Structures are given as structure tokens and as C-alpha cells.
file upload26.cif (mmCIF, C-alpha atoms)
data_run
#
loop_
_atom_site.label_atom_id
_atom_site.label_comp_id
_atom_site.auth_asym_id
_atom_site.auth_seq_id
_atom_site.Cartn_x
_atom_site.Cartn_y
_atom_site.Cartn_z
CA MET M 1 -5.43 -21.18 24.94
CA TYR M 2 -8.67 -19.75 26.28
CA ILE M 3 -7.70 -16.24 25.29
CA ALA M 4 -6.73 -17.29 21.78
CA MET M 5 -10.11 -18.91 21.30
CA ALA M 6 -11.90 -15.75 22.47
CA GLY M 7 -9.98 -13.75 19.84
CA ASN M 8 -11.09 -16.14 17.11
CA THR M 9 -14.74 -15.76 18.09
CA ASP M 10 -14.54 -11.98 17.78
CA ASN M 11 -13.24 -12.29 14.26
CA TRP M 12 -15.99 -14.70 13.31
CA LYS M 13 -18.60 -12.48 14.90
CA THR M 14 -17.44 -9.49 12.88
CA GLN M 15 -17.53 -11.52 9.68
CA ILE M 16 -20.96 -12.98 10.19
CA ARG M 17 -22.49 -9.73 11.41
CA LYS M 18 -21.28 -7.90 8.34
CA GLY M 19 -23.28 -10.00 5.93
CA TYR M 20 -26.25 -10.26 8.28
CA LEU M 21 -26.30 -6.51 8.80
CA GLU M 22 -26.59 -5.78 5.10
CA LEU M 23 -29.54 -8.13 4.84
CA CYS M 24 -31.26 -6.46 7.80
CA ILE M 25 -30.67 -2.97 6.45
CA LEU M 26 -32.17 -3.85 3.07
CA LEU M 27 -35.13 -5.50 4.80
CA LEU M 28 -35.75 -2.41 6.89
CA ILE M 29 -35.50 -0.05 3.93
CA LYS M 30 -37.92 -2.26 1.99
CA LYS M 31 -40.38 -2.20 4.87
CA GLN M 32 -40.17 1.58 5.35
CA LYS M 33 -40.12 2.28 1.63
CA LYS M 34 -37.99 5.37 2.36
CA VAL M 35 -35.63 6.00 5.30
CA TYR M 36 -32.79 8.37 6.20
CA GLY M 37 -29.57 7.39 8.00
CA PHE M 38 -30.32 8.55 11.50
CA ASP M 39 -33.77 6.97 11.45
CA LEU M 40 -32.28 3.71 10.20
CA LEU M 41 -29.79 3.70 13.08
CA GLU M 42 -32.59 4.07 15.61
CA ARG M 43 -34.66 1.27 14.08
CA LEU M 44 -31.68 -1.09 14.04
CA SER M 45 -30.95 -0.20 17.64
CA ALA M 46 -34.56 -1.05 18.52
CA VAL M 47 -34.02 -4.66 17.36
CA LYS M 48 -30.72 -4.82 19.23
CA LEU M 49 -28.70 -4.45 16.05
CA ASP M 50 -26.37 -1.71 17.20
CA VAL M 51 -24.32 -0.30 14.38
CA LYS M 52 -21.61 2.31 14.73
CA GLU M 53 -22.57 5.64 13.21
CA GLY M 54 -19.24 5.84 11.43
CA THR M 55 -19.93 2.44 9.82
CA ILE M 56 -23.47 2.75 8.46
CA TYR M 57 -23.04 5.79 6.26
CA PRO M 58 -20.09 4.39 4.31
CA LEU M 59 -22.08 1.16 3.95
CA LEU M 60 -25.16 2.95 2.56
CA ASN M 61 -22.83 4.86 0.26
CA ARG M 62 -21.36 1.65 -1.09
CA MET M 63 -24.72 -0.04 -1.54
CA SER M 64 -25.89 3.00 -3.49
CA ALA M 65 -22.79 2.81 -5.68
CA ASP M 66 -23.54 -0.91 -6.25
CA GLY M 67 -27.00 0.03 -7.46
CA PHE M 68 -29.10 -1.50 -4.67
CA LEU M 69 -30.22 1.85 -3.25
CA SER M 70 -31.43 5.10 -4.68
CA SER M 71 -31.54 8.36 -2.73
CA THR M 72 -33.26 11.73 -2.62
CA TRP M 73 -32.62 14.84 -0.55
CA GLU M 74 -35.55 16.16 1.42
CA THR M 75 -35.88 19.00 3.89
CA GLU M 76 -38.60 18.75 6.52
CA ASN M 77 -39.49 22.40 6.63
CA ILE M 78 -37.98 25.78 5.75
CA LYS M 79 -35.90 25.90 8.91
CA GLY M 80 -34.76 22.29 8.82
CA HIS M 81 -31.59 20.77 7.34
CA PRO M 82 -31.58 18.48 4.28
CA ARG M 83 -31.69 14.72 4.82
CA LYS M 84 -30.72 11.92 2.45
CA PHE M 85 -33.53 9.35 2.09
CA TYR M 86 -32.78 5.84 0.78
CA SER M 87 -35.06 3.42 -1.12
CA LEU M 88 -34.53 0.05 -2.72
CA THR M 89 -34.02 -0.06 -6.46
CA ALA M 90 -35.32 -2.89 -8.61
CA VAL M 91 -31.84 -4.39 -8.51
CA GLY M 92 -31.85 -3.91 -4.78
CA ILE M 93 -35.11 -5.81 -4.38
CA LYS M 94 -33.77 -8.67 -6.50
CA PHE M 95 -30.56 -8.73 -4.46
CA LEU M 96 -32.54 -8.73 -1.24
CA ASN M 97 -34.61 -11.71 -2.38
CA GLU M 98 -31.48 -13.67 -3.23
CA MET M 99 -29.98 -12.82 0.15
CA ASN M 100 -33.22 -13.86 1.84
CA ASP M 101 -33.26 -17.25 0.10
CA GLU M 102 -29.61 -17.85 0.91
CA PHE M 103 -30.12 -16.91 4.52
CA LYS M 104 -33.18 -19.15 4.90
CA GLU M 105 -31.18 -22.04 3.54
CA MET M 106 -28.42 -21.30 6.04
CA VAL M 107 -30.93 -21.37 8.90
CA THR M 108 -32.37 -24.67 7.68
CA THR M 109 -28.93 -26.26 7.46
CA TYR M 110 -28.07 -24.93 10.85
CA ARG M 111 -31.26 -26.37 12.38
CA GLN M 112 -30.54 -29.73 10.83
CA LEU M 113 -27.02 -29.85 12.14
CA GLU M 114 -28.05 -28.73 15.56
CA SER M 115 -30.87 -31.26 15.92
CA ARG M 116 -28.59 -34.06 14.75
CA THR M 117 -26.14 -33.17 17.44
CA ILE M 118 -28.93 -33.29 20.03
CA GLU M 119 -30.05 -36.68 18.63
CA ASN M 120 -26.52 -38.06 18.92
CA GLN M 121 -26.19 -36.78 22.42
CA ALA M 122 -29.46 -38.54 23.37
CA VAL M 123 -28.21 -41.84 21.88
CA GLU M 124 -24.91 -41.55 23.75
CA ASN M 125 -26.67 -40.75 26.98
CA LYS M 126 -28.83 -43.94 26.67
CA GLY M 127 -25.78 -46.21 26.51
CA ASP M 128 -23.95 -44.40 29.28
CA PRO M 129 -24.27 -46.12 32.71
CA SER M 130 -23.42 -42.88 34.59
CA MET O 1 -26.07 25.78 13.29
CA THR O 2 -25.41 24.43 16.76
CA GLY O 3 -26.31 27.77 18.33
CA ASN O 4 -22.81 28.29 19.70
CA ALA O 5 -19.88 29.91 17.86
CA LYS O 6 -17.21 27.66 19.41
CA GLN O 7 -19.19 24.54 18.61
CA ASP O 8 -19.83 25.73 15.09
CA HIS O 9 -16.09 26.12 14.60
CA ARG O 10 -15.46 22.64 16.00
CA LEU O 11 -18.05 21.19 13.65
CA GLU O 12 -16.61 23.00 10.65
CA THR O 13 -13.13 21.72 11.54
CA TYR O 14 -14.44 18.18 11.73
CA LEU O 15 -16.21 18.41 8.38
CA SER O 16 -13.16 20.02 6.74
CA SER O 17 -10.94 17.14 7.87
CA LEU O 18 -13.51 14.68 6.57
CA GLU O 19 -13.68 16.43 3.21
CA ARG O 20 -9.90 16.59 2.95
CA VAL O 21 -9.40 12.83 3.30
CA LEU O 22 -12.27 12.21 0.84
CA LYS O 23 -10.25 13.81 -1.97
CA PRO O 24 -10.32 10.60 -4.09
CA PHE O 25 -14.10 10.99 -4.46
CA PRO O 26 -15.58 13.16 -7.21
CA VAL O 27 -16.45 16.63 -5.94
CA GLY O 28 -20.22 16.05 -6.11
CA ASP O 29 -20.08 12.80 -4.14
CA ARG O 30 -17.77 14.40 -1.62
CA ALA O 31 -20.18 17.28 -1.02
CA GLU O 32 -23.08 14.87 -0.54
CA ILE O 33 -21.17 12.79 2.00
CA VAL O 34 -20.21 15.85 4.03
CA THR O 35 -23.79 17.13 3.94
CA GLU O 36 -25.12 13.75 5.07
CA ILE O 37 -22.70 13.50 7.97
CA LYS O 38 -23.51 17.04 9.01
CA SER O 39 -27.18 16.20 8.82
CA HIS O 40 -26.61 13.19 11.08
CA ILE O 41 -24.76 15.32 13.64
CA LEU O 42 -27.57 17.89 13.70
CA ASP O 43 -30.16 15.13 14.11
CA ALA O 44 -28.18 13.61 16.97
CA LEU O 45 -27.95 16.98 18.74
CA ALA O 46 -31.64 17.64 18.17
CA ARG O 47 -32.72 14.22 19.40
CA ASP O 48 -31.35 14.91 22.90
CA PRO O 49 -30.84 18.58 23.88
CA GLN O 50 -28.47 17.44 26.65
CA THR O 51 -26.08 15.83 24.20
CA ARG O 52 -22.82 17.67 23.60
CA LEU O 53 -21.20 18.02 20.20
CA ASP O 54 -18.08 16.26 21.51
CA THR O 55 -20.12 13.18 22.39
CA VAL O 56 -21.67 13.00 18.96
CA LEU O 57 -18.34 13.45 17.22
CA SER O 58 -16.74 10.80 19.44
CA ALA O 59 -19.49 8.36 18.53
CA LEU O 60 -18.80 9.04 14.87
CA GLY O 61 -15.08 8.69 15.32
CA GLU O 62 -12.13 10.64 13.98
CA PRO O 63 -13.00 12.30 10.65
CA GLU O 64 -9.98 10.62 9.06
CA MET O 65 -11.24 7.24 10.17
CA VAL O 66 -14.78 7.85 8.89
CA ALA O 67 -13.41 9.01 5.56
CA ASN O 68 -11.14 5.97 5.38
CA ARG O 69 -14.16 3.70 5.83
CA TYR O 70 -15.84 5.34 2.88
CA LEU O 71 -12.69 4.71 0.86
CA LEU O 72 -12.39 1.11 2.03
CA GLU O 73 -16.02 0.29 1.23
CA ARG O 74 -15.48 1.54 -2.30
CA GLY O 75 -12.27 -0.48 -2.66
CA LEU O 76 -10.08 2.59 -2.56
CA LYS O 77 -6.87 2.84 -0.59
CA PRO O 78 -7.32 4.45 2.79
CA ALA O 79 -5.47 7.69 3.43
CA LYS O 80 -2.37 7.58 5.61
CA PRO O 81 -3.12 8.30 9.25
CA PRO O 82 -1.86 11.63 10.57
CA ILE O 83 1.50 11.56 12.32
CA SER O 84 1.11 10.66 15.96
CA PRO O 85 1.85 13.65 18.19
CA ILE O 86 4.48 11.60 20.01
CA VAL O 87 6.38 11.03 16.78
CA LYS O 88 5.99 14.68 15.86
CA TRP O 89 7.48 15.85 19.15
CA MET O 90 10.29 13.31 18.98
CA VAL O 91 11.25 14.70 15.59
CA VAL O 92 11.07 18.27 16.94
CA GLY O 93 13.24 17.27 19.90
CA PHE O 94 15.79 15.61 17.69
CA LEU O 95 16.00 18.54 15.29
CA GLY O 96 16.27 20.93 18.22
CA THR O 97 19.21 18.99 19.61
CA VAL O 98 20.92 18.97 16.22
CA ALA O 99 20.38 22.72 15.94
CA MET O 100 21.90 23.30 19.39
CA LEU O 101 24.88 21.15 18.47
CA LEU O 102 25.44 23.10 15.28
CA ILE O 103 25.25 26.41 17.15
CA PHE O 104 27.79 25.14 19.66
CA VAL O 105 30.16 23.96 16.92
CA GLY O 106 29.70 27.30 15.16
CA PHE O 107 30.60 29.09 18.39
CA LEU O 108 33.71 26.98 18.89
CA LEU O 109 34.82 27.58 15.33
CA SER O 110 34.35 31.31 15.67
CA ARG O 111 36.27 31.35 18.94
CA PHE O 112 39.12 29.21 17.69
CA HIS O 113 39.44 30.86 14.35
CA PRO O 114 41.51 30.26 12.22
CA LEU O 115 41.84 26.54 12.79
CA ILE O 116 45.29 26.10 11.30
CA THR O 117 47.87 28.69 10.36
CA ILE O 118 51.10 27.46 8.84
CA ASP O 119 54.09 29.76 8.85
CA GLU O 120 56.63 27.86 6.79
CA PRO O 121 59.51 30.33 6.57
CA ASN O 122 59.56 30.68 10.34
CA ASN O 123 58.81 27.04 10.93
CA LYS O 124 55.79 27.80 13.09
CA LEU O 125 52.37 26.23 13.28
CA THR O 126 49.39 27.74 15.03
CA LEU O 127 46.29 25.71 15.82
CA LEU O 128 42.79 26.64 16.94
CA GLY O 129 43.15 30.36 16.52
CA GLY O 130 46.25 30.63 18.65
CA LEU O 131 45.30 28.26 21.43
CA ILE O 132 48.16 25.99 20.49
CA LYS O 133 51.44 27.30 19.16
CA LEU O 134 54.15 25.03 17.87
CA ASP O 135 57.62 26.28 17.07
CA GLY O 136 59.66 23.92 14.94
CA ASP O 137 62.94 25.68 15.50
CA LYS O 138 62.78 25.93 19.28
CA GLY O 139 60.96 22.64 19.57
CA THR O 140 58.40 24.13 21.89
CA PHE O 141 54.73 23.60 22.37
CA LYS O 142 52.75 26.46 23.83
CA LEU O 143 49.25 26.60 25.06
CA GLU O 144 47.73 30.03 25.23
CA GLY O 145 44.21 29.98 26.54
CA PRO O 146 41.79 32.51 25.02
CA PHE O 147 39.74 32.25 28.14
CA GLY O 148 42.16 34.31 30.18
CA GLY O 149 44.82 31.66 30.47
CA PHE O 150 48.50 32.38 30.31
CA ALA O 151 51.57 31.28 28.39
CA ALA O 152 52.48 27.85 29.57
CA VAL O 153 56.17 28.37 29.20
CA PHE O 154 57.38 30.15 32.25
CA ASP O 155 61.02 30.99 32.23
CA GLY O 156 63.01 33.16 34.49
CA SER O 157 66.21 33.93 36.19
CA SER O 158 67.19 35.79 39.32
CA PRO O 159 70.44 36.39 41.16
CA LEU O 160 70.87 34.13 44.17
CA ASN O 161 73.94 34.30 46.35
CA PRO O 162 75.45 31.62 48.50
CA GLY O 163 73.52 31.42 51.74
CA GLN O 164 70.34 32.75 50.13
CA SER O 165 67.26 30.54 49.53
CA ALA O 166 65.06 29.81 46.57
CA PHE O 167 61.61 28.87 47.81
CA VAL O 168 59.49 26.92 45.31
CA LYS O 169 55.88 25.99 46.00
CA PHE O 170 53.87 23.74 43.72
CA THR O 171 50.69 21.61 43.56
CA ASN O 172 51.50 18.93 40.99
CA GLY O 173 54.84 18.91 39.35
CA LYS O 174 57.89 17.28 37.97
CA PHE O 175 61.23 18.89 38.76
CA ASP O 176 64.64 18.34 37.30
CA ILE O 177 67.04 20.18 39.64
CA ARG O 178 70.69 20.75 38.87
CA ASN O 179 73.52 23.17 39.48
CA SER O 180 73.66 26.66 38.11
CA ASP O 181 76.88 27.97 36.52
CA GLU O 182 76.80 31.37 38.15
CA ASN O 183 75.04 32.90 41.09
CA GLN O 184 71.78 32.83 39.22
CA PHE O 185 68.70 30.89 40.08
CA ASN O 186 67.29 29.82 36.71
CA TRP O 187 63.94 28.19 36.11
CA SER O 188 62.12 26.97 33.04
CA CYS O 189 58.63 25.58 33.46
CA ARG O 190 55.92 24.19 31.22
CA GLY O 191 52.31 23.78 32.24
CA ALA O 192 48.81 25.18 31.89
CA GLY O 193 46.82 27.07 34.40
CA SER O 194 44.21 29.65 35.09
CA ALA O 195 46.58 32.23 36.52
CA ALA O 196 50.23 33.01 35.96
CA PRO O 197 52.76 31.75 38.48
CA LYS O 198 53.98 34.38 40.88
CA GLN O 199 57.47 35.32 41.65
CA MET O 200 58.30 37.38 44.67
CA ILE O 201 61.51 38.66 46.09
CA THR O 202 61.62 38.11 49.82
CA ASP O 203 63.88 40.70 51.41
CA ASN O 204 67.43 39.53 51.64
CA THR O 205 66.87 35.83 52.06
CA GLY O 206 66.12 35.04 48.47
CA LEU O 207 63.38 34.43 45.96
CA LYS O 208 59.95 32.81 46.19
CA LEU O 209 58.38 31.08 43.22
CA ASP O 210 54.69 30.19 43.50
CA LEU O 211 53.83 27.56 40.92
CA THR O 212 50.67 26.38 42.69
CA THR O 213 48.39 27.61 39.90
CA LEU O 214 50.20 25.51 37.33
CA VAL O 215 48.47 22.28 36.46
CA GLY O 216 51.06 19.66 35.81
CA ALA O 217 54.19 21.77 36.09
CA ASP O 218 57.25 20.41 34.37
CA CYS O 219 60.27 22.40 35.45
CA GLU O 220 64.00 22.61 35.24
CA LEU O 221 65.63 24.44 38.12
CA GLU O 222 69.24 25.54 38.37
CA ILE O 223 70.47 26.44 41.84
CA PRO O 224 73.75 28.26 42.48
CA GLU O 225 76.49 26.59 44.53
CA ASN O 226 76.01 26.77 48.28
CA ALA O 227 72.61 28.37 47.98
CA LYS O 228 69.58 26.68 49.47
CA LEU O 229 66.52 25.26 47.76
CA ILE O 230 63.31 24.87 49.70
CA ILE O 231 60.69 23.07 47.69
CA GLU O 232 57.19 22.13 48.86
CA GLY O 233 54.24 20.59 47.06
CA ALA O 234 51.39 18.12 47.07
CA ASN O 235 52.19 15.62 44.35
CA GLY O 236 55.50 15.47 42.63
CA LYS O 237 58.56 13.87 41.23
CA ILE O 238 61.89 15.50 41.92
CA GLU O 239 65.29 14.63 40.55
CA LEU O 240 68.37 16.09 42.26
CA ASP O 241 71.33 15.95 39.91
CA ASN O 242 74.72 16.16 41.67
CA PRO O 243 73.56 18.96 43.93
CA ARG O 244 76.07 21.44 45.25
CA PHE O 245 73.41 23.21 47.24
CA SER O 246 71.41 22.38 50.31
CA ILE O 247 67.91 21.19 50.04
CA GLY O 248 64.79 21.24 52.15
CA ALA O 249 61.98 19.30 50.44
CA LYS O 250 58.47 18.44 51.56
CA VAL O 251 56.14 16.44 49.35
CA THR O 252 52.82 14.81 50.29
CA ASN O 253 52.83 12.16 47.59
CA GLY O 254 55.80 11.64 45.42
CA LYS O 255 59.17 10.33 44.52
CA ILE O 256 62.50 12.06 45.01
CA ALA O 257 65.59 10.71 43.31
CA ILE O 258 69.01 11.86 44.45
CA ASP O 259 72.14 11.46 42.40
CA PRO O 260 74.79 12.65 44.90
CA ASP O 261 77.96 14.35 43.67
CA GLU O 262 80.91 12.03 44.32
CA SER O 263 83.12 14.85 45.46
CA GLN O 264 80.54 16.38 47.78
CA GLU O 265 79.75 15.60 51.39
CA TYR O 266 76.13 15.54 52.55
CA ILE O 267 74.20 15.24 55.79
CA TYR O 268 70.93 13.42 55.15
CA ASP O 269 67.69 13.89 57.08
CA LEU O 270 65.26 11.72 55.22
CA SER O 271 61.79 10.57 56.27
CA VAL O 272 59.00 8.73 54.44
CA THR O 273 55.79 7.96 56.35
CA THR O 274 54.57 5.30 53.94
CA GLY O 275 57.13 4.10 51.52
CA LYS O 276 60.75 3.37 51.00
CA ILE O 277 64.11 5.06 51.46
CA ASP O 278 67.28 3.86 49.77
CA LYS O 279 70.54 3.80 51.66
CA PHE O 280 72.32 7.08 52.09
CA VAL O 281 75.44 7.67 54.16
CA SER O 282 75.73 10.95 56.04
CA SER O 283 79.01 12.69 56.47
CA ASP O 284 80.28 14.30 59.66
CA LYS O 285 82.47 16.82 57.88
CA PRO O 286 81.82 20.48 58.60
CA ASN O 287 81.37 21.49 54.94
CA ALA O 288 78.69 18.86 54.36
CA LEU O 289 75.53 20.07 52.67
CA ALA O 290 72.20 19.50 54.42
CA ILE O 291 69.66 17.46 52.50
CA SER O 292 66.38 17.29 54.35
CA ILE O 293 63.50 15.47 52.72
CA LYS O 294 60.08 14.61 54.08
CA ILE O 295 57.55 12.56 52.11
CA ASN O 296 54.16 11.24 53.31
CA ASN O 297 53.63 8.59 50.68
CA GLY O 298 56.38 7.76 48.32
CA LYS O 299 59.98 6.97 47.90
CA ILE O 300 63.44 8.47 48.19
CA SER O 301 65.77 6.72 45.81
CA ARG O 302 69.43 6.83 45.05
CA GLU O 303 70.46 7.21 41.47
CA ASN O 304 74.00 5.86 41.53
#

call {"tool": "encode", "arguments": {"input": "upload26.cif", "output": "C-alpha cells"}}
result
Amino acid sequence: MYIAMAGNTDNWKTQIRKGYLELCILLLIKKQKKVYGFDLLERLSAVKLDVKEGTIYPLLNRMSADGFLSSTWETENIKGHPRKFYSLTAVGIKFLNEMNDEFKEMVTTYRQLESRTIENQAVENKGDPS
Amino acid sequence: MTGNAKQDHRLETYLSSLERVLKPFPVGDRAEIVTEIKSHILDALARDPQTRLDTVLSALGEPEMVANRYLLERGLKPAKPPISPIVKWMVVGFLGTVAMLLIFVGFLLSRFHPLITIDEPNNKLTLLGGLIKLDGDKGTFKLEGPFGGFAAVFDGSSPLNPGQSAFVKFTNGKFDIRNSDENQFNWSCRGAGSAAPKQMITDNTGLKLDLTTLVGADCELEIPENAKLIIEGANGKIELDNPRFSIGAKVTNGKIAIDPDESQEYIYDLSVTTGKIDKFVSSDKPNALAISIKINNGKISREN
């Protein structure tokens, strides 16, 4: 039974991280104005949001196709190799704001539910002789 | 690129595989994806000079898997994974075995060619390129091995006078022994073997017939009157049909059946170590024929 429950948590974790990750990526790109893949990976890692290399590029590709990101190719100097830099589009900014609002609401709801549980626990503890 | 020819090749291989699985993408998009991934790899190598290309590629994952993720994100069907090497080798092994089997069958067919030959006018049938010969008229079945075997019908005849001995030696056999019309020792045997039976004349005492190389001999022997038959073998079944000759028989495992001639007198010397002996009555007359039989395991039975 214990093992089965652990499996369920993993699934949930994957699900919730997926949506959360997209929000964080858009936030980061907005903050940096312009960022390339490798740089993005390092910044995410810095806030303990480790993403697999093989995951982020397809994700950026899809978000570009959805119209949230625009990209340009830039080469640092003559000897360097070209890098793809991403920025938020107007649609992307709008999408990010919607995600932000939704997420804030989720946090509020969560806080409410959590505090209520603590309240109930306190009430139960009062009436409990042990 | 990476400063090392081998590594460059490895990188190119990786990117080629990636590009191949990305076929569903338009050519421009595909090129951009490959360039971006390559750019990432170069950045990763540059970030830490100690890092090896293998490490970076492992972190990325198999090119097919990375490409599949691109496809999945865009709602496209992922490409089929490459055949596992285990499956590939199992298929190779199976096909190899089939090939070997076919070669073996081909060899057999070429060796035993033609398979069937029917000779209607002469009422003969030959199978497996002459290995088996059937003669409808004579009612015989012959086995002639192409591997250096010999004709399994072994017939012969030799003069044998009263007082002389026919000495027959065998390994496994079935013998039907009866009287010969004249002073001729006749034999007719069927069986297969690796070498032909030998027949030797032993000075004046008689004839020796070595059937030990026959596997499963099935013989008919005709012994002249008042001659002597000495027969020795390992496993056998012997039938003595109204013998008018003396007999000395020694069999390790077997059964000997005697049908004595009513008008003949015999002196019996019969012994079976493990087994059974039927009742035989010896005569004390001077012209009685000696029948001496020794069996280790088996039976001496009376047939009338």
C-alpha cells in the first residue's frame, strides 16, 4: 500500500511541476527581457528548479509555436557559435499575467484550506483529554 | 568544433539521428532545432573544460528521445523507437538457424537424389537415391548405404560334408535353422551394417561365417545331415526345425526353440544360468545327435 501511494505522488508531482515550470520560465524570460536556452537552464537551476536539458528545448519550441515567445539568432563574436535568444511576445505577456492571477488564486485557496485544517486540529486538541 | 576528430564525428552522428527523427517538421524548423541543440552542447562543453562530450550527450538523452519530445509537445506522433539490439540479435539467430537447416536439407536431398524412382515394368521401386531398394517380384527390401554400407541381403552357399562344421558368429540376430537337401550349407541373411559379413573357409573342418558386423541379422540357415553347427552370439533368437545335425550353441541373452525330429535320437546338454528349460529326454542310442546349448539369460523351449 505504501509503495502504491509513493507512485501516485510521483505522478502528481510531474503534473503540477509541468504547469508551474511554464509559469516560472515565462517569468524568467520577462525579467531578463532576452535569454538563450543554456542560460535559462542555469537560472532555473539557481532557484532549485532543475529541468532536464532534453525537456526545456522542446518546451521553448512549443511555446514559440503557440505564439508566447519570439526568438532571434545572435552570435557573440566572430569565433563564437550562434545562439537562439527568446523574448516574450505581447500574447506571451498576456498569457503570463493570466497564469500569474490563476496561480495567486491557487495559493490563496491553499492557504485557506491549510489554516482551516490547523484550526480544526486545535479545536479537536482542546476537547481531547490525552 | 570540439577540437577532436573522434568527438566531432560522435557529435555529427548524434545530430544526424536527431534530424532524422525530426522529419515531420518543416525543413527550416528542423535546421533551427539542430542548430540550437548543437549550440547547447558547445555551451555545455565550454562551461566546464573537464566535461566530456559523452556526459553532455547523456544529460540530453538519446537523440531519438529528444526528437520525440519535440514531436509530442507539438501534438505529433512520436517516432517508433529503434529495434532493441536484443531483438535484432534474436532475429539474426533465428534466421541463421533456419539457413543452417535449409543447407542441411539441401545436402540431404543432393545426397539422396533422386528421391523416388519407379520402375513399373520391372516392378521395382527405388527410394532416396538408391538407399532403399524394393523389388515387387522378389518381395525383397534392400538397404544400400551410400556412406560405405553394404547390401543387406547376404546370401551364400558352401559345400559341407558330414562331420564338418559350420561356425556362425553373430552379435544380435534371429536364426531360423533347418535341414539342407544336399551337402550344402546354405545361408540367407538380412540386416544392415557398416561392414560386410565375412566368410572364411577353415581348412578341412568346415566354414566360418562372421555376422558380427550385422545389426539385427535375420537369417535362414540350412545345415546338411550329420554335419555340425556351432553358433555363438550375444543376443538372439534361434529356432531349430527338426534338426538332423548336431548343434553347439552359446548365447548370452536369448531364446532357443527346438522342434525335435520324431524319428531322430538326440543327446541333450542344456544349461540356462537365469531362465527356464523345457523338458527334453536324452537318448542313449549310439547314433544320437549331440545338442549342446548354453544360455546366460533366457529360455530353451520345446516346440512340440

call {"tool": "closest_atom_pairs", "arguments": {"input": "upload26.cif", "of": "chain M", "to": "chain O", "cutoff": "8 Å", "atoms": "only C-alpha atoms", "output": "JSON lines"}}
result
{"residue": "M:Gly37", "atom": "CA", "partner": "O:His40", "partner_atom": "CA", "distance": 7.2}
{"residue": "M:Phe38", "atom": "CA", "partner": "O:His40", "partner_atom": "CA", "distance": 6.0}
{"residue": "M:Lys52", "atom": "CA", "partner": "O:Leu60", "partner_atom": "CA", "distance": 7.3}
{"residue": "M:Glu53", "atom": "CA", "partner": "O:Leu60", "partner_atom": "CA", "distance": 5.3}
{"residue": "M:Gly54", "atom": "CA", "partner": "O:Leu60", "partner_atom": "CA", "distance": 4.7}
{"residue": "M:Thr55", "atom": "CA", "partner": "O:Arg69", "partner_atom": "CA", "distance": 7.1}
{"residue": "M:Tyr57", "atom": "CA", "partner": "O:Ile37", "partner_atom": "CA", "distance": 7.9}
{"residue": "M:Pro58", "atom": "CA", "partner": "O:Tyr70", "partner_atom": "CA", "distance": 4.6}
{"residue": "M:Leu59", "atom": "CA", "partner": "O:Glu73", "partner_atom": "CA", "distance": 6.7}
{"residue": "M:Asn61", "atom": "CA", "partner": "O:Tyr70", "partner_atom": "CA", "distance": 7.5}
{"residue": "M:Arg62", "atom": "CA", "partner": "O:Glu73", "partner_atom": "CA", "distance": 6.0}
{"residue": "M:His81", "atom": "CA", "partner": "O:Ser39", "partner_atom": "CA", "distance": 6.5}
{"residue": "M:Pro82", "atom": "CA", "partner": "O:Ser39", "partner_atom": "CA", "distance": 6.7}
{"residue": "M:Arg83", "atom": "CA", "partner": "O:Ser39", "partner_atom": "CA", "distance": 6.2}
{"residue": "M:Lys84", "atom": "CA", "partner": "O:Glu36", "partner_atom": "CA", "distance": 6.4}

call {"tool": "resolve_selection", "arguments": {"input": "upload26.cif", "expression": "the PyMOL selection byres ((chain M and resi 22) around 12)", "output": "CSV table (one decimal) with C-alpha atoms, in the coordinates of the input"}}
result
chain,number,residue,atom,x,y,z
M,15,GLN,CA,-17.5,-11.5,9.7
M,16,ILE,CA,-21.0,-13.0,10.2
M,17,ARG,CA,-22.5,-9.7,11.4
M,18,LYS,CA,-21.3,-7.9,8.3
M,19,GLY,CA,-23.3,-10.0,5.9
M,20,TYR,CA,-26.2,-10.3,8.3
M,21,LEU,CA,-26.3,-6.5,8.8
M,23,LEU,CA,-29.5,-8.1,4.8
M,24,CYS,CA,-31.3,-6.5,7.8
M,25,ILE,CA,-30.7,-3.0,6.4
M,26,LEU,CA,-32.2,-3.8,3.1
M,27,LEU,CA,-35.1,-5.5,4.8
M,28,LEU,CA,-35.8,-2.4,6.9
M,29,ILE,CA,-35.5,0.0,3.9
M,44,LEU,CA,-31.7,-1.1,14.0
M,49,LEU,CA,-28.7,-4.4,16.0
M,51,VAL,CA,-24.3,-0.3,14.4
M,55,THR,CA,-19.9,2.4,9.8
M,56,ILE,CA,-23.5,2.8,8.5
M,59,LEU,CA,-22.1,1.2,4.0
M,60,LEU,CA,-25.2,3.0,2.6
M,62,ARG,CA,-21.4,1.6,-1.1
M,63,MET,CA,-24.7,0.0,-1.5
M,68,PHE,CA,-29.1,-1.5,-4.7
M,69,LEU,CA,-30.2,1.8,-3.2
M,92,GLY,CA,-31.8,-3.9,-4.8
M,95,PHE,CA,-30.6,-8.7,-4.5
M,96,LEU,CA,-32.5,-8.7,-1.2
M,99,MET,CA,-30.0,-12.8,0.2
M,100,ASN,CA,-33.2,-13.9,1.8
M,103,PHE,CA,-30.1,-16.9,4.5

call {"tool": "atom_distance", "arguments": {"input": "upload26.cif", "atom1": "atom CA of O:Gly129", "atom2": "atom CA of O:Leu115"}}
result
5.5 Å

call {"tool": "residues_around", "arguments": {"input": "upload26.cif", "residues": "stretch 277-284 of chain O", "least_positions_apart": "3", "cutoff": "7 Å", "atoms": "only C-alpha atoms", "output": "ChimeraX atom specification"}}
result
/O:265-268,272,288,299-302

call {"tool": "resolve_selection", "arguments": {"input": "upload26.cif", "expression": "the PyMOL selection byres ((chain O and resi 275) around 7)", "output": "list of chain:residue names"}}
result
O:Val272, O:Thr273, O:Thr274, O:Lys276, O:Asn297, O:Gly298, O:Lys299

call {"tool": "resolve_selection", "arguments": {"input": "upload26.cif", "expression": "the PyMOL selection byres ((chain O and resi 116-121) around 10)", "output": "list in words"}}
result
Phe112, His113, Pro114, Leu115, Asn122, Asn123, Lys124, Leu125, Thr126, Leu127, Leu128, Gly129, Gly130, Ile132, Lys133, Leu134, Asp135 and Gly136 of chain O

call {"tool": "atom_distance", "arguments": {"input": "upload26.cif", "atom1": "atom CA of O:Ser180", "atom2": "atom CA of O:Ile293"}}
result
21.0 Å

call {"tool": "atom_distance", "arguments": {"input": "upload26.cif", "atom1": "atom CA of M:Ser64", "atom2": "atom CA of M:Glu42"}}
result
20.3 Å

call {"tool": "closest_residue", "arguments": {"input": "upload26.cif", "among": "M:Arg116, M:Arg111, M:Lys48, M:Lys30", "to": "M:Lys94", "atoms": "all atoms listed in the file"}}
result
M:Lys30
